[in-house]
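Shown next, in structure tokens, is the structure this report addresses.
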Amino acid sequence: MIEIDHVSKRFGKVLAVDDLSFTVRSGHVTGFLGPNGAGKSTTMRVVLGLDEPTAGAAQVNGRSYRGIVHPLNEVGSLLDAGAVHGGRTAWLHVLSVAQSNGIGKSRAAEVIALAGLDEVKDKRIGGFSLGMKQRLGIATALLGDPPVLIFDEPVNGLDPEGVQWVRELFKAFAAEGRTVFVSSHLMSEMALTADRLIIIGRGKLLADTTVGELTQASRNDVLVKSPRAEELSCLLSAKGATVVTAPGAPDTLTVTSMEAGTIGDIALRNGIAVHELTPRHASLEEAYMKITADSVQFHGRAHQ
Amino acid sequence: MTVLLSEWTKLRALRSTYVTLAVAGIMALIASGIVAASTVTATAAQAPPFGAVVGIFAGWLTYPALAIGILGIITITAEYATGQIRLTFTAVPRRLTVLAAKVAVTGLIGLVVGEVLAFAGYGLTAATLAGHPLAKSLHGASIHVLAGGVSLCVIILLGLGIGTIFRRTAGAIAALPAVLYLPLLVFVLPSPWKFEIGRFTVMGAVYQLISAHPSNQLFSPVISLIVLFAWPAVALAAGAAIITRNDA
């Protein structure tokens with residue numbers, strides 16, 4: 001369990017994290033979402049004792065990170081896979097990290113194998129691709145077989161096989177009752193990996209929810225096209241659906257609060273032809289964009 | 001103890017460690033060789049009045065000291081430059097423990113390499129001077145040779161301390177020769193100032209330790225040894241205050 005208790009972090013004039021409080025529970029993969037510059041990495045650095053919060057405190061399993069003697073056995077983390085000295089071989093790098101926490105050689109070899117780096121373990125890290133460094137970082141995080149895992153953008157640079165590996169790894173860890181806290185700026189990635197979501201923007205908490213809740217809260221409707229749309233509209237409304245006729249397209253209906261199957265059955269019973277019947281779910285992406293719309297720092301435009 | 005082992009692995013895993021040590025070794029031997037050869041060919045009037053041992057170390061210390069000092073610097077600044085320091089402090093949140101382990105590992109390397117080079121330089125000089133009247137001045141010099149090795153240990157720690165203060169390689173490497181050699185300028189000051197200030201310099205203290213005839217206007221060899229170790233101690237204390245107070 002990770003507890004963030006009224007944490008603020010100021011860098012000069014910039015308030016990167018603004019009185020943020022939330023709890024990351026064990027047994028779940030919790031996605032940590034927010035636009036670029038939202039304060040995700042800063043929050044993670046505060047949890048790991050790298051940055052001193054301006055106010056508030058963060059605890060991991062009830063303890064302050066800096067108070068843990070051999071933290072790799074309690075918390076595995078990966079902030080920036082590229083932040084390693086490129087002059088060392090993968091093996092000596094992982095070994096040196098293991099040794100700092102009294103973890104043996106056999107475990108170091110084990111995590112290297114687990115990350116699929118056996119063949120390159122005697123090569124210098126400087127020659128690794130971003131994806132290989134990402135695997136190396138994940139391997140290092142797993143050294144102490146920790147009950148809490150913290151990853152900042154772990155799928156960046158991974159190939160599809162690597163992404164799959166990471167997703168399954170996270171889900172398996174959560175199923176074992178561990179705490180898995182993963183940041184991303186991509187909702188689409190989190191939708192596949194996480195079940196709980198913490199969404200922040202400009203250092204403030206925007207939502208503490210689950211993927212399920214967010215899906216339900218977002219738009220769900222059925223697009224119906226029929227040459228006798230007006231007639232069908234009356235029938236559906238009579239059965240309790242909310243029907244809106246698309247402006248400028250009188251044959252197109254947008255139906256909410258009714259399943260596509262029910263609409264089809266009603267149309268069939270009344271002998272009305274249906275040319276299109278498409279259930280539409282607003283993607284989580286859309287729901288996420290809506291939540292964070294006001295806190296995006298850097299807006300892009302498709303055209304002027 | 002675990003952190004010590006980790007820091008040892010980190011240092012031995014880097015090619016730059018071997019390169020800087022090789023550079024230090026080659027320069028130390030070239031310097032000793034040149035000094036010994038020029039001593040042999042010098043007439044009695046040109047012979048260094050301070051004895052052959054100081055002669056060995058005059059060149060010996062000036063050049064390898066930089067390579068050794070830089071090894072001390074990059075032991076910490078390379079971690080900041082690559083971002084590895086965040087992994088280091090995540091694995092060992094007690095930052096002073098990390099610094100202490102680095103002090104122990106680099107200090108040991110500085111001492112071992114320093115002594116090996118000191119005795120190698122001494123041996124080279126002794127062989128070159130064999131049969132020469134000056135060879136007599138080499139008798140009973142072991143304690144001074146030992147002190148020469150210790151000064152490289154002090155300089156690697158001074159480098160580590162400066163590196164910890166700057167946390168950037170370029171700034172620290174610019175500062176190291178400034179700390180080692182710039183204070184020597186005080187020796188152009190008129191007496192007694194050159195001695196009053198000069199006795200506190202790294203090189204002034206080193207001279208007192210390696211010379212068979214220490215100057216009685218500088219500190220005694222024992223006080224000079226304390227002055228010598230005070231330099232890295234102060235730099236490391238300042239560095240420790242900086243890395244524990246700042247975000248990694």
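Numbering starts fresh at 1 for the residues of each chain in the structure tokens, the chains themselves are lettered A, B, ... in the order given, and ligands are numbered from 1 as they appear.
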
Would you list the contacts of A:Thr262 as a list in words, taking every protein, DNA or RNA residue within 10 Å and counting only C-alpha atoms, but skipping same-chain residues closer than 6 positions in sequence? Leu236, Lys239 and Leu268 of chain A

For those residues, write N, CA and C atoms to a file as a PDB file, in the first residue's frame.
ATOM      1  N   LEU A 236     -39.449   3.363 -30.280  1.00  0.00           N
ATOM      2  CA  LEU A 236     -38.386   3.200 -29.291  1.00  0.00           C
ATOM      3  C   LEU A 236     -38.643   4.102 -28.083  1.00  0.00           C
ATOM      4  N   LYS A 239     -40.961   2.719 -25.689  1.00  0.00           N
ATOM      5  CA  LYS A 239     -40.416   1.649 -24.844  1.00  0.00           C
ATOM      6  C   LYS A 239     -39.399   2.190 -23.826  1.00  0.00           C
ATOM      7  N   LEU A 268     -37.904  -5.403 -36.031  1.00  0.00           N
ATOM      8  CA  LEU A 268     -38.361  -6.608 -36.724  1.00  0.00           C
ATOM      9  C   LEU A 268     -39.865  -6.824 -36.510  1.00  0.00           C
TER      10      LEU A 268
END

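Counting only C-alpha atoms, B:Ala233 has the following residues at most 12 Å away, ignoring those fewer than 2 positions along the same chain: B:Ala100, B:Val103, B:Val154, B:Ile155, B:Ile156, B:Leu157, B:Leu158, B:Gly159, B:Leu160, B:Gly161, B:Ile162, B:Ile226, B:Val227, B:Leu228, B:Phe229, B:Ala230, B:Trp231, B:Ala235, B:Leu236, B:Ala237, B:Ala238, B:Gly239, B:Ala240.
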
Generate the output file for the selected residues, N, CA and C atoms, as a PDB file, in the first residue's frame.
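After the write, out.pdb holds the following:
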ATOM      1  N   ALA B 100      30.073   7.277   2.251  1.00  0.00           N
ATOM      2  CA  ALA B 100      31.093   6.606   3.072  1.00  0.00           C
ATOM      3  C   ALA B 100      31.667   5.402   2.330  1.00  0.00           C
ATOM      4  N   VAL B 103      34.009   6.605  -0.227  1.00  0.00           N
ATOM      5  CA  VAL B 103      35.258   7.034   0.417  1.00  0.00           C
ATOM      6  C   VAL B 103      36.142   5.811   0.678  1.00  0.00           C
ATOM      7  N   VAL B 154      45.116  10.646  -0.386  1.00  0.00           N
ATOM      8  CA  VAL B 154      44.475  11.902   0.012  1.00  0.00           C
ATOM      9  C   VAL B 154      43.901  12.612  -1.208  1.00  0.00           C
ATOM     10  N   ILE B 155      44.639  12.575  -2.312  1.00  0.00           N
ATOM     11  CA  ILE B 155      44.200  13.317  -3.502  1.00  0.00           C
ATOM     12  C   ILE B 155      42.978  12.660  -4.154  1.00  0.00           C
ATOM     13  N   ILE B 156      42.897  11.326  -4.139  1.00  0.00           N
ATOM     14  CA  ILE B 156      41.698  10.688  -4.717  1.00  0.00           C
ATOM     15  C   ILE B 156      40.472  11.051  -3.869  1.00  0.00           C
ATOM     16  N   LEU B 157      40.661  11.144  -2.550  1.00  0.00           N
ATOM     17  CA  LEU B 157      39.543  11.503  -1.664  1.00  0.00           C
ATOM     18  C   LEU B 157      39.172  12.976  -1.834  1.00  0.00           C
ATOM     19  N   LEU B 158      40.195  13.805  -2.061  1.00  0.00           N
ATOM     20  CA  LEU B 158      39.929  15.223  -2.329  1.00  0.00           C
ATOM     21  C   LEU B 158      39.109  15.349  -3.609  1.00  0.00           C
ATOM     22  N   GLY B 159      39.467  14.545  -4.624  1.00  0.00           N
ATOM     23  CA  GLY B 159      38.707  14.531  -5.877  1.00  0.00           C
ATOM     24  C   GLY B 159      37.262  14.117  -5.627  1.00  0.00           C
ATOM     25  N   LEU B 160      37.068  13.071  -4.833  1.00  0.00           N
ATOM     26  CA  LEU B 160      35.717  12.608  -4.517  1.00  0.00           C
ATOM     27  C   LEU B 160      34.925  13.704  -3.809  1.00  0.00           C
ATOM     28  N   GLY B 161      35.591  14.384  -2.873  1.00  0.00           N
ATOM     29  CA  GLY B 161      34.928  15.471  -2.140  1.00  0.00           C
ATOM     30  C   GLY B 161      34.535  16.614  -3.063  1.00  0.00           C
ATOM     31  N   ILE B 162      35.449  17.012  -3.941  1.00  0.00           N
ATOM     32  CA  ILE B 162      35.160  18.100  -4.883  1.00  0.00           C
ATOM     33  C   ILE B 162      34.039  17.678  -5.842  1.00  0.00           C
ATOM     34  N   ILE B 226      48.118  15.958   9.222  1.00  0.00           N
ATOM     35  CA  ILE B 226      46.760  16.355   9.614  1.00  0.00           C
ATOM     36  C   ILE B 226      46.202  17.364   8.610  1.00  0.00           C
ATOM     37  N   VAL B 227      47.047  18.345   8.231  1.00  0.00           N
ATOM     38  CA  VAL B 227      46.621  19.341   7.231  1.00  0.00           C
ATOM     39  C   VAL B 227      46.214  18.619   5.942  1.00  0.00           C
ATOM     40  N   LEU B 228      47.039  17.637   5.545  1.00  0.00           N
ATOM     41  CA  LEU B 228      46.794  16.903   4.305  1.00  0.00           C
ATOM     42  C   LEU B 228      45.422  16.224   4.330  1.00  0.00           C
ATOM     43  N   PHE B 229      45.115  15.558   5.430  1.00  0.00           N
ATOM     44  CA  PHE B 229      43.834  14.851   5.499  1.00  0.00           C
ATOM     45  C   PHE B 229      42.669  15.800   5.763  1.00  0.00           C
ATOM     46  N   ALA B 230      42.964  16.997   6.266  1.00  0.00           N
ATOM     47  CA  ALA B 230      41.893  17.967   6.502  1.00  0.00           C
ATOM     48  C   ALA B 230      41.268  18.425   5.187  1.00  0.00           C
ATOM     49  N   TRP B 231      42.086  18.503   4.127  1.00  0.00           N
ATOM     50  CA  TRP B 231      41.551  18.944   2.831  1.00  0.00           C
ATOM     51  C   TRP B 231      40.411  18.043   2.347  1.00  0.00           C
ATOM     52  N   ALA B 235      36.258  18.918   2.238  1.00  0.00           N
ATOM     53  CA  ALA B 235      35.537  18.814   0.966  1.00  0.00           C
ATOM     54  C   ALA B 235      34.418  17.775   1.058  1.00  0.00           C
ATOM     55  N   LEU B 236      34.709  16.632   1.687  1.00  0.00           N
ATOM     56  CA  LEU B 236      33.701  15.574   1.803  1.00  0.00           C
ATOM     57  C   LEU B 236      32.566  15.997   2.732  1.00  0.00           C
ATOM     58  N   ALA B 237      32.891  16.732   3.794  1.00  0.00           N
ATOM     59  CA  ALA B 237      31.845  17.193   4.713  1.00  0.00           C
ATOM     60  C   ALA B 237      30.919  18.173   3.992  1.00  0.00           C
ATOM     61  N   ALA B 238      31.513  19.089   3.206  1.00  0.00           N
ATOM     62  CA  ALA B 238      30.693  20.034   2.447  1.00  0.00           C
ATOM     63  C   ALA B 238      29.842  19.280   1.424  1.00  0.00           C
ATOM     64  N   GLY B 239      30.447  18.315   0.737  1.00  0.00           N
ATOM     65  CA  GLY B 239      29.725  17.513  -0.254  1.00  0.00           C
ATOM     66  C   GLY B 239      28.589  16.728   0.390  1.00  0.00           C
ATOM     67  N   ALA B 240      28.855  16.172   1.563  1.00  0.00           N
ATOM     68  CA  ALA B 240      27.833  15.394   2.278  1.00  0.00           C
ATOM     69  C   ALA B 240      26.649  16.278   2.621  1.00  0.00           C
TER      70      ALA B 240
END

Show me, as a ChimeraX atom specification, the residues of chain B whose atoms get within 9 Å of chain A, using only C-alpha atoms for the distance check. /B:1-10,13-16,78-79,81-94,245-248

Writer output for current selection, C-alpha atoms, as a compact mmCIF listing (two decimals), in the first residue's frame:
# COMPACT_ATOMS: atom_id res chain seq x y z
CA MET B 1 29.13 -3.71 4.23
CA THR B 2 26.65 -4.53 1.47
CA VAL B 3 26.96 -1.00 0.11
CA LEU B 4 30.75 -1.28 0.18
CA LEU B 5 30.61 -4.39 -1.99
CA SER B 6 28.20 -2.67 -4.37
CA GLU B 7 30.44 0.38 -4.75
CA TRP B 8 33.43 -1.89 -5.37
CA THR B 9 31.55 -3.71 -8.12
CA LYS B 10 30.49 -0.40 -9.66
CA ALA B 13 32.97 -2.56 -13.79
CA LEU B 14 34.05 0.64 -15.50
CA ARG B 15 36.71 0.92 -18.17
CA SER B 16 37.38 4.53 -17.09
CA ALA B 78 29.38 10.17 -13.54
CA GLU B 79 26.44 8.98 -11.43
CA ALA B 81 25.64 12.85 -15.26
CA THR B 82 23.98 9.55 -16.23
CA GLY B 83 21.12 9.78 -13.72
CA GLN B 84 22.32 6.54 -12.12
CA ILE B 85 22.48 8.42 -8.79
CA ARG B 86 18.67 8.14 -8.50
CA LEU B 87 18.93 4.36 -8.74
CA THR B 88 21.78 4.41 -6.22
CA PHE B 89 19.80 6.50 -3.72
CA THR B 90 16.64 4.47 -4.33
CA ALA B 91 18.54 1.29 -3.45
CA VAL B 92 20.32 2.97 -0.51
CA PRO B 93 18.29 5.93 0.79
CA ARG B 94 20.91 6.71 3.46
CA ARG B 245 19.95 18.47 1.48
CA ASN B 246 19.25 18.43 -2.25
CA ASP B 247 16.78 16.40 -4.29
CA ALA B 248 18.48 13.68 -6.28

Taking only C-alpha atoms into account, which of A:His275, A:Arg167, A:His281, A:Arg202 comes nearest A:Arg10? A:Arg202

Would you please extract all alpha helix (DSSP H) residues from stretch 93-171 of chain A, as assigned by DSSP on the backbone, and give them as number ranges by chain? A: 93-100, 105-114, 130-141, 160-171

Name the residues in contact with stretch 179-181 of chain A at a cut-off of 8 Å, using only C-alpha atoms, excluding same-chain residues fewer than 6 positions from it; report them as an MDAnalysis selection string. chainID A and resid 1:2 24:32 147:151 170 173

Write out, as a tab-separated table (two decimals), in the first residue's frame, the residues just selected, with C-alpha atoms.
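For reference, again_17.tsv as written:
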chain	number	residue	atom	x	y	z
A	1	MET	CA	0.00	0.00	0.00
A	2	ILE	CA	1.22	3.48	-0.86
A	24	VAL	CA	-2.72	2.93	-3.81
A	25	ARG	CA	-4.16	-0.39	-2.63
A	26	SER	CA	-2.55	-3.80	-2.74
A	27	GLY	CA	-3.94	-6.49	-5.01
A	28	HIS	CA	-4.57	-4.09	-7.87
A	29	VAL	CA	-2.74	-2.58	-10.79
A	30	THR	CA	-3.27	1.13	-10.22
A	31	GLY	CA	-2.74	3.38	-13.20
A	32	PHE	CA	-1.36	6.84	-12.49
A	147	PRO	CA	5.45	-6.49	-2.39
A	148	VAL	CA	5.21	-2.98	-3.85
A	149	LEU	CA	6.14	-2.03	-7.41
A	150	ILE	CA	6.37	1.50	-8.79
A	151	PHE	CA	6.95	2.13	-12.49
A	170	PHE	CA	1.76	-6.54	-13.60
A	173	PHE	CA	1.79	-9.41	-9.37

Hey, can you check how far atom CA of A:Lys204 sits from atom CA of A:Asn220?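 That distance, rounded to one decimal, is 28.3 Å.
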
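Distances to A:Pro250 were evaluated for A:Asp265, A:Glu286, A:Glu189, A:Glu231 using only C-alpha atoms, and the minimum falls at A:Glu231.
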
I need the residues of stretch 125-253 of chain A that end up classed as strand (DSSP E) by DSSP on the backbone, written out as a compact mmCIF listing (two decimals) with C-alpha atoms, in the first residue's frame.
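Written output follows (states_27.txt):
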# COMPACT_ATOMS: atom_id res chain seq x y z
CA VAL A 148 5.21 -2.98 -3.85
CA LEU A 149 6.14 -2.03 -7.41
CA ILE A 150 6.37 1.50 -8.79
CA PHE A 151 6.95 2.13 -12.49
CA ASP A 152 7.11 5.40 -14.40
CA THR A 179 0.71 -3.28 -4.94
CA VAL A 180 1.44 -2.25 -8.52
CA PHE A 181 1.54 1.49 -9.26
CA VAL A 182 2.17 2.40 -12.89
CA SER A 183 2.21 5.82 -14.45
CA SER A 184 1.36 6.61 -18.02
CA ARG A 196 -7.79 1.24 -10.62
CA LEU A 197 -6.98 4.74 -11.82
CA ILE A 198 -5.56 7.83 -10.18
CA ILE A 199 -5.82 10.79 -12.52
CA ILE A 200 -3.99 14.02 -11.79
CA GLY A 201 -3.55 17.31 -13.60
CA LYS A 204 -3.98 18.08 -8.24
CA LEU A 205 -6.10 14.96 -7.91
CA LEU A 206 -8.75 14.89 -10.66
CA ALA A 207 -10.15 11.39 -10.20
CA ASP A 208 -9.63 8.35 -7.98
CA THR A 209 -11.67 5.72 -9.74
CA THR A 210 -11.72 2.34 -11.43
CA ASN A 220 -22.88 4.60 -24.44
CA ASP A 221 -25.37 4.73 -27.29
CA VAL A 222 -26.55 2.95 -30.40
CA LEU A 223 -26.48 4.42 -33.88
CA VAL A 224 -29.48 3.35 -35.94
CA LYS A 225 -30.10 3.99 -39.63
CA THR A 242 -34.08 8.33 -25.47
CA VAL A 243 -33.90 8.98 -29.16
CA VAL A 244 -32.28 11.87 -30.95
CA THR A 245 -32.50 12.35 -34.69
CA THR A 252 -30.13 8.44 -38.54
CA LEU A 253 -31.03 8.01 -34.88

Considering only C-alpha atoms, can you say which of A:Ala90, A:Val211, A:Val296, A:Val255 comes closest to A:Gly37?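 Checking each candidate against A:Gly37, we get A:Val296 as the closest.
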
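One finds atom CA of B:Pro133 at 11.7 Å from atom CA of B:Thr41.
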
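Candidate residues B:Gly123, B:Gly110, B:Pro221, B:Pro177 were compared for distance to B:Leu66, and the nearest is B:Pro177, using only C-alpha atoms.
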
Atom CA of B:Pro64 to atom CA of B:Leu152, distance in Å rounded to a single decimal: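 Interatomic distance, atom CA of B:Pro64 to atom CA of B:Leu152: 8.3 Å.
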
Quick one: residues within 9 Å of B:Leu61, only C-alpha atoms counted, chain neighbours fewer than 5 positions away excluded, as a list of chain:residue names? B:Ala28, B:Ala31, B:Ile56, B:Leu66, B:Gly148, B:Ser151, B:Leu152, B:Met203

Let me see the file: selected residues, N, CA and C atoms, as a PDB file, in the first residue's frame.
ATOM      1  N   ALA B  28      53.511   8.505 -13.654  1.00  0.00           N
ATOM      2  CA  ALA B  28      54.358   8.429 -12.459  1.00  0.00           C
ATOM      3  C   ALA B  28      55.723   7.846 -12.820  1.00  0.00           C
ATOM      4  N   ALA B  31      57.755  10.289 -15.040  1.00  0.00           N
ATOM      5  CA  ALA B  31      58.257  11.405 -14.234  1.00  0.00           C
ATOM      6  C   ALA B  31      59.443  10.950 -13.374  1.00  0.00           C
ATOM      7  N   ILE B  56      62.191  12.556  -6.797  1.00  0.00           N
ATOM      8  CA  ILE B  56      61.292  11.560  -7.402  1.00  0.00           C
ATOM      9  C   ILE B  56      59.865  12.074  -7.385  1.00  0.00           C
ATOM     10  N   LEU B  66      46.713  14.325 -10.868  1.00  0.00           N
ATOM     11  CA  LEU B  66      45.519  14.761 -11.609  1.00  0.00           C
ATOM     12  C   LEU B  66      44.676  13.570 -12.037  1.00  0.00           C
ATOM     13  N   GLY B 148      54.601   9.302   0.253  1.00  0.00           N
ATOM     14  CA  GLY B 148      54.252   9.660  -1.123  1.00  0.00           C
ATOM     15  C   GLY B 148      53.015   8.905  -1.579  1.00  0.00           C
ATOM     16  N   SER B 151      49.900  10.310  -0.048  1.00  0.00           N
ATOM     17  CA  SER B 151      49.375  11.556  -0.629  1.00  0.00           C
ATOM     18  C   SER B 151      48.463  11.303  -1.821  1.00  0.00           C
ATOM     19  N   LEU B 152      48.693  10.233  -2.575  1.00  0.00           N
ATOM     20  CA  LEU B 152      47.760   9.924  -3.675  1.00  0.00           C
ATOM     21  C   LEU B 152      46.410   9.491  -3.127  1.00  0.00           C
ATOM     22  N   MET B 203      50.162  20.760  -1.401  1.00  0.00           N
ATOM     23  CA  MET B 203      51.490  20.416  -1.872  1.00  0.00           C
ATOM     24  C   MET B 203      52.562  20.759  -0.832  1.00  0.00           C
TER      25      MET B 203
END

Any idea what's packed within 6 Å of stretch 3-9 of chain A, counting only C-alpha atoms, ignoring anything in its chain fewer than 2 positions away? Could you give it as a PyMOL selection string? chain A and resi 16-23+53-59
